[in-house]
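The file model_26.txt contains compact mmCIF, C-alpha atoms and all ligand atoms:
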# COMPACT_ATOMS: atom_id res chain seq x y z
CA MET K 190 0.00 0.00 0.00
CA ASP K 191 1.41 3.37 -0.97
CA PHE K 192 0.59 5.34 2.17
CA LYS K 193 2.41 8.43 0.98
CA GLU K 194 0.35 8.64 -2.17
CA LEU K 195 -2.87 8.01 -0.22
CA ALA K 196 -1.96 10.74 2.28
CA ASN K 197 -1.28 13.18 -0.55
CA LYS K 198 -4.46 12.30 -2.40
CA TYR K 199 -6.89 12.30 0.55
CA LYS K 200 -4.97 14.47 3.10
CA THR K 201 -4.43 13.52 6.72
CA PRO K 202 -5.47 12.40 9.25
CA LEU K 203 -6.99 9.49 7.38
CA TYR K 204 -8.26 5.97 7.93
CA VAL K 205 -7.41 3.40 5.26
CA TYR K 206 -8.99 -0.07 5.15
CA ASP K 207 -7.85 -3.09 3.17
CA LEU K 208 -11.14 -4.78 2.22
CA ASP K 209 -9.36 -7.79 0.73
CA TYR K 210 -7.71 -8.49 4.07
CA MET K 211 -11.13 -8.28 5.73
CA ALA K 212 -12.45 -10.85 3.25
CA THR K 213 -9.54 -13.19 3.96
CA GLN K 214 -10.22 -13.02 7.70
CA TYR K 215 -13.93 -13.63 7.10
CA GLN K 216 -13.28 -16.66 4.89
CA GLU K 217 -10.81 -18.20 7.30
CA LEU K 218 -13.23 -18.00 10.23
CA LYS K 219 -16.21 -19.13 8.17
CA GLU K 220 -14.19 -22.09 6.89
CA ALA K 221 -13.24 -23.06 10.45
CA PHE K 222 -16.91 -23.74 11.25
CA LYS K 223 -17.58 -25.83 8.15
CA GLY K 224 -19.54 -29.00 8.76
CA ARG K 225 -21.99 -27.03 10.92
CA LYS K 226 -24.51 -24.41 9.98
CA SER K 227 -23.05 -21.06 10.98
CA ILE K 228 -23.61 -17.35 10.58
CA LEU K 229 -20.82 -14.87 11.11
CA ALA K 230 -22.67 -11.82 12.39
CA TYR K 231 -20.17 -9.00 11.98
CA ALA K 232 -20.02 -6.82 15.12
CA VAL K 233 -20.86 -3.52 13.50
CA LYS K 234 -19.56 -1.42 16.38
CA ALA K 235 -15.97 -2.34 15.46
CA ASN K 236 -16.18 -0.45 12.17
CA SER K 237 -19.60 0.71 11.08
CA ASN K 238 -18.79 2.40 7.79
CA LEU K 239 -21.63 1.46 5.39
CA SER K 240 -19.19 0.30 2.72
CA VAL K 241 -17.45 -2.00 5.20
CA ILE K 242 -20.75 -3.51 6.34
CA LYS K 243 -21.82 -3.91 2.70
CA HIS K 244 -18.55 -5.68 1.91
CA PHE K 245 -19.25 -8.23 4.65
CA ALA K 246 -22.90 -8.55 3.62
CA GLN K 247 -21.77 -9.48 0.12
CA LEU K 248 -19.58 -12.20 1.58
CA GLY K 249 -22.68 -13.59 3.30
CA ALA K 250 -22.19 -12.12 6.75
CA GLY K 251 -24.91 -11.14 9.18
CA ALA K 252 -24.64 -8.26 11.63
CA ASP K 253 -24.48 -7.99 15.39
CA CYS K 254 -25.84 -4.58 16.36
CA VAL K 255 -25.89 -2.76 19.68
CA SER K 256 -28.23 0.11 18.84
CA ILE K 257 -31.11 0.62 16.45
CA GLY K 258 -28.80 2.96 14.54
CA GLU K 259 -26.52 0.02 13.85
CA VAL K 260 -29.52 -2.12 12.84
CA ARG K 261 -30.49 0.60 10.35
CA ARG K 262 -26.93 0.72 9.03
CA ALA K 263 -26.92 -3.06 8.55
CA LEU K 264 -30.25 -3.02 6.70
CA LEU K 265 -29.15 -0.08 4.54
CA ALA K 266 -25.90 -1.85 3.67
CA GLY K 267 -27.83 -4.90 2.47
CA VAL K 268 -27.54 -7.35 5.36
CA ALA K 269 -30.46 -9.79 5.26
CA PRO K 270 -32.86 -9.06 8.17
CA TYR K 271 -32.83 -12.75 9.13
CA LYS K 272 -29.09 -12.44 9.84
CA ILE K 273 -29.32 -9.37 12.08
CA ILE K 274 -29.06 -9.58 15.86
CA PHE K 275 -29.82 -6.74 18.24
CA SER K 276 -27.78 -6.89 21.47
CA GLY K 277 -27.00 -4.39 24.20
CA VAL K 278 -27.62 -3.90 27.88
CA GLY K 279 -30.06 -0.97 27.59
CA LYS K 280 -32.54 -0.87 24.74
CA SER K 281 -35.18 1.83 24.64
CA ASP K 282 -38.85 1.06 23.91
CA ASP K 283 -38.53 2.71 20.52
CA GLU K 284 -35.52 0.58 19.66
CA ILE K 285 -37.27 -2.62 20.73
CA ARG K 286 -40.37 -1.67 18.71
CA GLU K 287 -38.39 -0.97 15.56
CA ALA K 288 -36.36 -4.16 15.96
CA ILE K 289 -39.52 -6.28 16.21
CA GLU K 290 -41.08 -4.50 13.23
CA SER K 291 -37.90 -5.01 11.18
CA ASP K 292 -38.19 -8.77 11.49
CA ILE K 293 -34.57 -9.31 12.47
CA LEU K 294 -33.30 -12.73 13.54
CA TYR K 295 -33.65 -12.04 17.26
CA ILE K 296 -33.31 -9.55 20.07
CA ASN K 297 -30.59 -10.50 22.50
CA VAL K 298 -32.15 -9.93 25.93
CA GLU K 299 -29.85 -8.98 28.80
CA SER K 300 -32.15 -8.81 31.85
CA GLU K 301 -35.49 -9.98 33.21
CA ALA K 302 -36.80 -6.43 33.17
CA GLU K 303 -35.87 -6.11 29.52
CA LEU K 304 -37.64 -9.37 28.72
CA GLY K 305 -40.76 -7.79 30.24
CA ARG K 306 -40.46 -4.72 28.02
CA VAL K 307 -39.95 -6.83 24.89
CA GLU K 308 -43.02 -8.93 25.73
CA LEU K 309 -45.15 -5.86 26.37
CA ILE K 310 -44.10 -4.14 23.15
CA ALA K 311 -44.55 -7.34 21.10
CA LYS K 312 -48.05 -7.56 22.54
CA GLU K 313 -48.83 -3.95 21.60
CA LEU K 314 -47.65 -4.69 18.07
CA ASP K 315 -49.43 -8.04 18.11
CA LYS K 316 -46.24 -9.53 16.68
CA PRO K 317 -44.30 -12.15 18.65
CA SER K 318 -40.62 -11.38 19.09
CA ARG K 319 -37.82 -13.88 18.59
CA ILE K 320 -35.39 -13.62 21.45
CA SER K 321 -32.16 -14.99 22.69
CA ILE K 322 -30.89 -14.58 26.24
CA ARG K 323 -27.40 -13.42 27.03
CA VAL K 324 -26.04 -15.53 29.84
CA ASN K 325 -23.13 -14.44 31.94
CA PRO K 326 -21.19 -17.64 32.61
CA ASN K 327 -18.97 -15.92 35.22
CA ILE K 328 -15.75 -16.82 33.44
CA ASP K 329 -12.62 -14.71 33.63
CA PRO K 330 -11.50 -14.20 30.02
CA LYS K 331 -7.99 -13.12 31.13
CA THR K 332 -8.11 -9.98 29.05
CA HIS K 333 -8.05 -6.24 29.88
CA PRO K 334 -10.61 -5.50 32.65
CA TYR K 335 -12.27 -2.80 30.51
CA ILE K 336 -13.02 -5.29 27.77
CA SER K 337 -13.94 -8.30 29.87
CA THR K 338 -17.68 -8.84 29.94
CA GLY K 339 -18.38 -12.39 31.17
CA LEU K 340 -17.96 -11.93 34.92
CA HIS K 341 -20.75 -11.21 37.39
CA ASP K 342 -18.94 -7.94 38.19
CA ASN K 343 -19.80 -6.77 34.68
CA LYS K 344 -23.11 -5.28 33.69
CA PHE K 345 -23.67 -7.75 30.85
CA GLY K 346 -26.07 -10.69 30.66
CA VAL K 347 -27.85 -12.67 33.39
CA ASP K 348 -26.75 -15.60 35.52
CA ILE K 349 -27.69 -19.15 34.56
CA GLU K 350 -30.54 -19.48 37.07
CA SER K 351 -32.22 -16.25 35.98
CA ALA K 352 -31.77 -17.27 32.37
CA LYS K 353 -33.59 -20.53 32.99
CA ARG K 354 -36.53 -18.66 34.55
CA MET K 355 -36.57 -16.29 31.59
CA TYR K 356 -36.69 -19.15 29.08
CA ILE K 357 -39.59 -20.76 30.89
CA ARG K 358 -41.42 -17.44 31.00
CA SER K 359 -40.76 -16.95 27.28
CA LYS K 360 -41.99 -20.40 26.39
CA ASN K 361 -45.24 -19.69 28.20
CA SER K 362 -45.73 -16.33 26.52
CA SER K 363 -47.60 -15.91 23.23
CA TYR K 364 -45.39 -12.93 22.40
CA LEU K 365 -41.94 -14.30 23.05
CA GLU K 366 -40.27 -16.94 20.96
CA PRO K 367 -37.00 -18.14 22.50
CA VAL K 368 -34.75 -19.21 19.63
CA GLY K 369 -31.20 -18.61 20.85
CA ILE K 370 -28.74 -18.45 23.68
CA HIS K 371 -25.85 -16.03 23.76
CA PHE K 372 -22.65 -15.43 25.65
CA HIS K 373 -19.75 -13.07 25.04
CA ILE K 374 -17.07 -13.17 27.69
CA GLY K 375 -14.84 -10.38 26.49
CA SER K 376 -12.76 -8.87 23.77
CA GLN K 377 -9.24 -9.49 22.52
CA LEU K 378 -9.36 -13.09 23.80
CA THR K 379 -6.04 -14.84 23.40
CA GLU K 380 -6.67 -17.93 25.54
CA LEU K 381 -8.85 -20.85 24.58
CA ASP K 382 -9.64 -22.33 28.00
CA PRO K 383 -12.02 -19.59 29.18
CA ILE K 384 -13.93 -19.83 25.88
CA ARG K 385 -14.19 -23.61 26.14
CA GLU K 386 -15.32 -23.37 29.76
CA ALA K 387 -18.01 -20.83 28.92
CA ALA K 388 -19.20 -22.81 25.89
CA GLU K 389 -19.41 -25.95 28.04
CA ILE K 390 -21.59 -24.19 30.62
CA VAL K 391 -23.88 -22.73 27.99
CA ALA K 392 -24.13 -26.02 26.06
CA ASP K 393 -25.18 -27.78 29.30
CA MET K 394 -27.83 -25.13 29.70
CA ILE K 395 -29.18 -25.94 26.22
CA ARG K 396 -29.43 -29.60 27.19
CA SER K 397 -31.29 -28.79 30.38
CA LEU K 398 -33.69 -26.61 28.40
CA GLU K 399 -34.38 -29.44 25.97
CA VAL K 400 -35.66 -31.45 28.92
CA LEU K 401 -38.16 -28.64 29.49
CA ASP K 402 -39.19 -28.85 25.84
CA ILE K 403 -37.47 -25.60 24.96
CA GLU K 404 -35.58 -26.22 21.71
CA LEU K 405 -33.14 -23.50 20.79
CA LYS K 406 -31.93 -23.05 17.21
CA PHE K 407 -28.97 -20.73 17.69
CA PHE K 408 -25.86 -21.04 19.80
CA ASP K 409 -24.40 -17.54 19.82
CA ILE K 410 -20.80 -17.57 20.98
CA GLY K 411 -20.33 -13.81 20.79
CA GLY K 412 -17.17 -12.29 19.40
CA GLY K 413 -13.90 -11.42 21.03
CA LEU K 414 -11.38 -13.40 19.03
CA GLY K 415 -8.08 -11.61 19.65
CA ILE K 416 -5.60 -10.28 17.11
CA LYS K 417 -1.93 -9.40 17.08
CA TYR K 418 -1.32 -5.77 17.98
CA ASP K 419 2.21 -6.54 19.08
CA ASP K 420 3.62 -9.99 19.74
CA GLU K 421 0.58 -11.60 21.40
CA THR K 422 0.03 -15.28 20.75
CA THR K 423 -3.43 -15.47 19.30
CA ILE K 424 -6.00 -18.23 18.93
CA LYS K 425 -6.19 -19.85 15.52
CA PRO K 426 -9.72 -19.77 14.07
CA TYR K 427 -9.54 -23.51 13.49
CA ASP K 428 -8.71 -24.22 17.16
CA TYR K 429 -11.37 -21.76 18.27
CA ALA K 430 -14.01 -23.50 16.19
CA GLN K 431 -12.89 -26.96 17.33
CA ALA K 432 -13.13 -25.89 20.98
CA ILE K 433 -16.70 -24.70 20.42
CA LEU K 434 -17.75 -27.67 18.30
CA GLY K 435 -16.33 -30.02 20.92
CA CYS K 436 -18.94 -28.74 23.39
CA LEU K 437 -21.87 -29.28 21.05
CA THR K 438 -21.89 -33.03 20.51
CA ALA K 439 -25.37 -34.37 19.81
CA LEU K 440 -26.82 -30.86 19.61
CA ASP K 441 -28.42 -29.87 16.32
CA ILE K 442 -27.88 -26.14 16.49
CA THR K 443 -26.66 -23.30 14.26
CA ILE K 444 -23.57 -21.47 15.46
CA ILE K 445 -23.59 -17.71 15.45
CA CYS K 446 -20.29 -15.95 15.89
CA GLU K 447 -19.98 -12.18 16.27
CA PRO K 448 -16.46 -11.19 15.34
CA GLY K 449 -15.57 -7.52 15.14
CA ARG K 450 -11.91 -6.84 15.81
CA PHE K 451 -10.78 -10.12 14.20
CA LEU K 452 -12.29 -9.10 10.88
CA THR K 453 -11.27 -5.47 10.72
CA ALA K 454 -8.52 -4.41 13.16
CA ASN K 455 -5.46 -5.42 11.16
CA ALA K 456 -7.09 -4.34 7.91
CA GLY K 457 -6.98 -0.71 9.05
CA TYR K 458 -4.33 2.00 9.20
CA PHE K 459 -4.52 5.46 10.66
CA LEU K 460 -2.34 7.90 8.74
CA THR K 461 -1.21 11.09 10.38
CA LYS K 462 1.41 13.68 9.45
CA VAL K 463 4.16 15.10 11.58
CA LEU K 464 3.65 18.77 12.41
CA TYR K 465 6.85 19.27 14.38
CA GLU K 466 8.99 17.89 17.14
CA LYS K 467 9.44 19.43 20.57
CA LYS K 468 11.28 18.71 23.79
CA ASN K 469 10.25 19.43 27.36
CA GLY K 470 13.52 19.05 29.19
CA GLU K 471 14.79 15.65 28.11
CA LYS K 472 11.36 14.36 27.07
CA ARG K 473 10.90 14.16 23.31
CA PHE K 474 7.52 14.59 21.63
CA VAL K 475 6.50 14.16 18.00
CA VAL K 476 3.43 16.31 17.44
CA VAL K 477 1.17 14.96 14.68
CA ASP K 478 -2.09 16.13 13.11
CA GLY K 479 -4.08 13.10 14.37
CA ALA K 480 -5.31 12.91 17.95
CA MET K 481 -7.27 11.05 20.60
CA ASN K 482 -10.55 12.27 19.14
CA ASP K 483 -9.65 10.36 15.95
CA LEU K 484 -8.20 7.23 17.59
CA LEU K 485 -9.14 6.87 21.25
CA ARG K 486 -7.80 3.42 22.11
CA PRO K 487 -4.36 4.48 23.33
CA SER K 488 -5.89 7.08 25.67
CA LEU K 489 -8.86 4.96 26.76
CA TYR K 490 -7.21 1.58 27.29
CA LYS K 491 -3.51 2.42 27.09
CA ALA K 492 -3.77 0.24 24.00
CA TYR K 493 -0.64 -0.44 22.01
CA HIS K 494 -0.62 0.23 18.28
CA LYS K 495 2.48 -0.53 16.26
CA ILE K 496 3.92 2.57 14.62
CA ASP K 497 5.71 2.86 11.29
CA VAL K 498 7.15 6.08 9.96
CA ILE K 499 7.74 7.13 6.39
CA THR K 500 10.61 9.58 6.33
CA ASP K 501 13.91 10.35 4.59
CA SER K 502 15.51 10.98 7.96
CA GLU K 503 18.50 8.78 8.62
CA SER K 504 19.27 10.21 12.05
CA GLU K 505 19.88 8.03 15.07
CA LYS K 506 16.77 6.75 16.81
CA SER K 507 15.69 7.79 20.28
CA LYS K 508 12.53 7.43 22.37
CA ALA K 509 9.62 9.78 21.73
CA ASP K 510 5.91 10.03 22.50
CA ILE K 511 3.65 10.62 19.52
CA VAL K 512 1.04 13.16 20.60
CA GLY K 513 -1.82 15.05 19.00
CA PRO K 514 -3.06 18.65 19.22
CA VAL K 515 -5.92 17.95 21.66
CA CYS K 516 -5.76 19.74 25.01
CA GLU K 517 -5.41 16.68 27.23
CA SER K 518 -2.30 15.05 28.68
CA GLY K 519 -3.93 11.74 27.76
CA ASP K 520 -3.81 12.69 24.10
CA PHE K 521 -1.21 10.33 22.68
CA LEU K 522 -1.05 7.69 19.96
CA ALA K 523 2.12 5.99 21.15
CA LYS K 524 4.59 6.24 24.01
CA ASP K 525 8.32 5.62 24.14
CA CYS K 526 8.59 4.84 20.47
CA GLU K 527 12.12 4.48 19.03
CA LEU K 528 12.12 7.00 16.18
CA PRO K 529 14.58 8.96 14.06
CA ILE K 530 14.27 12.75 14.14
CA LEU K 531 11.18 13.47 12.03
CA GLU K 532 10.52 16.37 9.71
CA HIS K 533 7.41 18.39 8.97
CA ASN K 534 5.07 16.30 6.73
CA ASP K 535 6.75 12.96 7.45
CA LEU K 536 4.09 10.28 7.69
CA VAL K 537 3.23 8.25 10.79
CA VAL K 538 1.30 5.03 10.14
CA VAL K 539 -0.63 3.68 13.12
CA ASN K 540 -1.28 -0.04 12.55
CA SER K 541 -4.22 -2.23 13.63
CA ALA K 542 -6.58 0.74 13.48
CA GLY K 543 -9.46 -0.87 11.59
CA ALA K 544 -11.51 -1.78 14.70
CA TYR K 545 -12.73 0.62 17.39
CA GLY K 546 -10.89 3.40 15.62
CA PHE K 547 -13.17 5.64 13.59
CA THR K 548 -16.27 4.34 15.43
CA MET K 549 -14.99 5.87 18.67
CA ALA K 550 -14.09 9.20 17.06
CA SER K 551 -15.60 12.42 18.35
CA ASN K 552 -15.61 16.13 17.58
CA TYR K 553 -13.76 17.01 20.78
CA ASN K 554 -11.90 20.31 20.38
CA THR K 555 -14.15 20.99 17.35
CA ARG K 556 -12.08 18.71 15.20
CA GLY K 557 -13.93 17.25 12.24
CA ARG K 558 -14.00 13.50 11.98
CA VAL K 559 -11.54 12.30 9.39
CA ALA K 560 -12.06 10.73 5.97
CA GLU K 561 -12.11 6.97 5.38
CA VAL K 562 -10.73 5.21 2.32
CA ALA K 563 -11.17 1.60 1.20
CA ILE K 564 -8.72 -0.40 -0.89
CA LYS K 565 -10.09 -3.28 -2.92
CA ASP K 566 -8.32 -5.15 -5.73
CA GLY K 567 -5.60 -2.52 -5.63
CA GLU K 568 -8.02 0.38 -6.15
CA ASP K 569 -8.57 3.09 -3.55
CA ARG K 570 -11.88 4.83 -3.06
CA LEU K 571 -13.31 7.35 -0.60
CA ILE K 572 -15.98 5.79 1.63
CA ARG K 573 -16.54 8.72 3.98
CA LYS K 574 -15.94 12.39 3.41
CA ARG K 575 -13.92 14.40 5.88
CA GLU K 576 -16.23 16.41 8.15
CA THR K 577 -16.19 20.15 7.65
CA PHE K 578 -16.70 22.90 10.18
CA GLU K 579 -20.17 23.41 8.68
CA ASP K 580 -20.99 19.73 9.33
CA ILE K 581 -19.94 20.05 12.96
CA ILE K 582 -22.09 23.09 13.72
CA ALA K 583 -25.07 22.12 11.55
CA ASN K 584 -27.33 21.21 14.47
CA GLU K 585 -26.51 24.32 16.50
CA LYS K 586 -26.42 27.13 13.99
CA GLU K 587 -30.17 27.71 13.79
CA PHE K 588 -30.32 28.35 17.55
CA LEU K 589 -27.86 31.23 17.52
CA ASP K 590 -29.85 34.30 18.44
C1 LIG C 1 -18.27 -5.96 21.14
C2 LIG C 1 -19.03 -7.19 20.92
C3 LIG C 1 -18.65 -8.11 19.94
C4 LIG C 1 -17.40 -7.94 19.11
O1 LIG C 1 -16.25 -8.02 19.88
P1 LIG C 1 -14.82 -8.13 19.16
O2 LIG C 1 -13.86 -8.18 20.29
O3 LIG C 1 -14.66 -6.92 18.33
O4 LIG C 1 -14.83 -9.37 18.35
C5 LIG C 1 -19.45 -9.19 19.72
N1 LIG C 1 -20.58 -9.41 20.45
C6 LIG C 1 -20.97 -8.55 21.41
C7 LIG C 1 -22.21 -8.82 22.16
C8 LIG C 1 -20.21 -7.43 21.70
O5 LIG C 1 -20.60 -6.60 22.66
Here is the file; what I need is its structure written in the form of structure tokens.
Ligand SMILES: *Cc1c(COP(=O)(O)O)cnc(C)c1O
Amino acid sequence: MDFKELANKYKTPLYVYDLDYMATQYQELKEAFKGRKSILAYAVKANSNLSVIKHFAQLGAGADCVSIGEVRRALLAGVAPYKIIFSGVGKSDDEIREAIESDILYINVESEAELGRVELIAKELDKPSRISIRVNPNIDPKTHPYISTGLHDNKFGVDIESAKRMYIRSKNSSYLEPVGIHFHIGSQLTELDPIREAAEIVADMIRSLEVLDIELKFFDIGGGLGIKYDDETTIKPYDYAQAILGCLTALDITIICEPGRFLTANAGYFLTKVLYEKKNGEKRFVVVDGAMNDLLRPSLYKAYHKIDVITDSESEKSKADIVGPVCESGDFLAKDCELPILEHNDLVVVNSAGAYGFTMASNYNTRGRVAEVAIKDGEDRLIRKRETFEDIIANEKEFLD
């Protein structure tokens, strides 16, 4: 990929996505589950650009959505309604209503109270709602605490006993149709044992429901498959699938997997230009035109992103922090990076930026959100325009008096 040419053509800061890499990741994971019916429901929150969702839809993917906005994106991008899942710990009545009316595959219910709302709204609409219940198997995924979700300490899902009650209630309701069971123990998973343990618990639950004459059709294993940001050892899709399949003997059930990061993270690059260097005492900073409002992960999670630089500089390398223009000490893209002395307009390439990059961007400091470019079959194409000042103030201007 010619980053320099892309930066000149589209300006910086800029997100660039390799759609062919995304397809390769999709195919590898899909292939791993062969021999079973499966749907890969792309976790839209990782990268919700319409062209990215459409790319996955064309490969046959479904969509895992966590707001009605994401459901609308998925539908608009051509994802079949029967492959769309609506998850999330707090759904409004309006969102539930629209999800039922849209005839999506199911609503992933995360509490007893929510099940009550779904039932009530389905009754108002006189349209039964397909549901799945998110169980919290209380398994430590051994990942970053901010991205672990399968422990009782976390707000997600319900414990096994409550889930059982909720299934029985659903079975006895004319407006609830329990079709699936769901768990998602965390993100950036790099160990197989916690996944296997969780799958085992949830598979046992399916068996105990069968005894109660509740036959589920979908075993939703969530997402979370980890990727290499640095030198992590990751789980191979094949081993991941085998671990899951090993828990499902004698169960005739379709697997749903909700990968986000695995499909998009390493397909994405954040390009930013060097403005200048500065030193505070001995501390060296490279100031770039991209910032935490464009790529929040380093600030939010102290996440590591590998940095490459494109420069003619042949100076000796020394440690520097790469920081943006935003007025926060937490505004950095990388810390203690070994870099040569960089010049104005040298290019910094932040790797693994295709997931939870643009989707977490904001207008903080009245900075417009950046442009996004897709590369497919060697061709680059704009898939989101850079926001202008006029875009940013559009919803306020009319109230100036
Ligand atoms: C965030 C999320 C995913 C995707 O997680 P990744 O780590 O990006 O694979 C899948 N399912 C649910 C319910 C989620 O909340």
With all atoms listed in the file counted and 8 Å as the cut-off, give the residues of chain K in contact with ligand LIG 1 (chain C), each with its shortest interatomic distance in Å and the pair that gives it, as a Markdown table.
| residue | atom | partner | partner_atom | distance |
| --- | --- | --- | --- | --- |
| K:Tyr231 | CA | C:LIG1 | C4 | 7.7 |
| K:Ala232 | CA | C:LIG1 | C4 | 4.9 |
| K:Val233 | CA | C:LIG1 | C4 | 7.9 |
| K:Lys234 | CA | C:LIG1 | C1 | 6.7 |
| K:Ala235 | CA | C:LIG1 | O3 | 5.6 |
| K:Asp253 | CA | C:LIG1 | N1 | 6.5 |
| K:Val255 | CA | C:LIG1 | O5 | 7.2 |
| K:Ser276 | CA | C:LIG1 | C7 | 5.9 |
| K:Gly277 | CA | C:LIG1 | C7 | 6.8 |
| K:Phe372 | CA | C:LIG1 | C7 | 7.5 |
| K:His373 | CA | C:LIG1 | C7 | 5.7 |
| K:Gly375 | CA | C:LIG1 | O2 | 6.7 |
| K:Ser376 | CA | C:LIG1 | O2 | 3.7 |
| K:Gln377 | CA | C:LIG1 | O2 | 5.3 |
| K:Leu378 | CA | C:LIG1 | O2 | 7.5 |
| K:Gly411 | CA | C:LIG1 | N1 | 4.4 |
| K:Gly412 | CA | C:LIG1 | C5 | 3.9 |
| K:Gly413 | CA | C:LIG1 | O2 | 3.3 |
| K:Leu414 | CA | C:LIG1 | O4 | 5.3 |
| K:Gly415 | CA | C:LIG1 | O2 | 6.8 |
| K:Cys446 | CA | C:LIG1 | C5 | 7.8 |
| K:Glu447 | CA | C:LIG1 | C5 | 4.6 |
| K:Pro448 | CA | C:LIG1 | O4 | 3.9 |
| K:Gly449 | CA | C:LIG1 | O3 | 3.4 |
| K:Arg450 | CA | C:LIG1 | O3 | 3.7 |
| K:Phe451 | CA | C:LIG1 | O4 | 5.8 |
| K:Leu452 | CA | C:LIG1 | O4 | 7.9 |
| K:Ala544 | CA | C:LIG1 | O3 | 7.0 |
| K:Tyr545 | CA | C:LIG1 | O3 | 7.8 |
Counting all atoms listed in the file, which residues of range 397-489 of chain K fall within 6 Å of range 202-219 of chain K, and what is the closest atom pair for each with its distance in Å at one decimal, ordered by chain and rising number, as a Markdown table?
| residue | atom | partner | partner_atom | distance |
| --- | --- | --- | --- | --- |
| K:Pro426 | CA | K:Leu218 | CA | 5.5 |
| K:Leu452 | CA | K:Met211 | CA | 5.3 |
| K:Thr453 | CA | K:Met211 | CA | 5.7 |
| K:Ala456 | CA | K:Asp207 | CA | 5.0 |
| K:Gly457 | CA | K:Tyr206 | CA | 4.4 |
| K:Tyr458 | CA | K:Val205 | CA | 5.2 |
| K:Phe459 | CA | K:Tyr204 | CA | 4.7 |
| K:Leu460 | CA | K:Leu203 | CA | 5.1 |
| K:Thr461 | CA | K:Pro202 | CA | 4.6 |
| K:Gly479 | CA | K:Pro202 | CA | 5.4 |
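For the pair CA of Glu466 in chain K and CA of Ala550 in chain K, the interatomic distance is 24.7 Å.
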Write out, as JSON lines, each residue of range 277-335 of chain K that has an atom at most 8 Å from range 385-403 of chain K, together with the closest pair of atoms and their distance in Å to one decimal, counting all atoms listed in the file, rows going by chain and rising number.
{"residue": "K:Val324", "atom": "CA", "partner": "K:Val391", "partner_atom": "CA", "distance": 7.7}
{"residue": "K:Pro326", "atom": "CA", "partner": "K:Ala387", "partner_atom": "CA", "distance": 5.8}
{"residue": "K:Ile328", "atom": "CA", "partner": "K:Ala387", "partner_atom": "CA", "distance": 6.5}
Please write out, as lines of an AutoDock Vina configuration file, where the centre of an axis-aligned box around all listed atoms of range 415-433 of chain K lies and how long its edges are, in Å to one decimal, after adding 5 Å on each side.
center_x = -6.5
center_y = -16.4
center_z = 17.4
size_x = 30.3
size_y = 31.2
size_z = 17.9
- So which residues touch range 238-252 of chain K within 7 Å, counting all atoms listed in the file, skipping near sequence neighbours fewer than 5 positions away, as a VMD selection string? chain K and resid 228 to 233 262 to 263 266 to 269 272 to 274 572
Keeping C-alpha atoms, export the residues of the selection given above as a tab-separated table (two decimals), in the frame of the given file.
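Output contents, as saved in selection-v2.tsv:
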chain	number	residue	atom	x	y	z
K	228	ILE	CA	-23.61	-17.35	10.58
K	229	LEU	CA	-20.82	-14.87	11.11
K	230	ALA	CA	-22.67	-11.82	12.39
K	231	TYR	CA	-20.17	-9.00	11.98
K	232	ALA	CA	-20.02	-6.82	15.12
K	233	VAL	CA	-20.86	-3.52	13.50
K	262	ARG	CA	-26.93	0.72	9.03
K	263	ALA	CA	-26.92	-3.06	8.55
K	266	ALA	CA	-25.90	-1.85	3.67
K	267	GLY	CA	-27.83	-4.90	2.47
K	268	VAL	CA	-27.54	-7.35	5.36
K	269	ALA	CA	-30.46	-9.79	5.26
K	272	LYS	CA	-29.09	-12.44	9.84
K	273	ILE	CA	-29.32	-9.37	12.08
K	274	ILE	CA	-29.06	-9.58	15.86
K	572	ILE	CA	-15.98	5.79	1.63
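Between CA of Ala560 in chain K and CA of Pro529 in chain K the interatomic distance comes to 27.9 Å.
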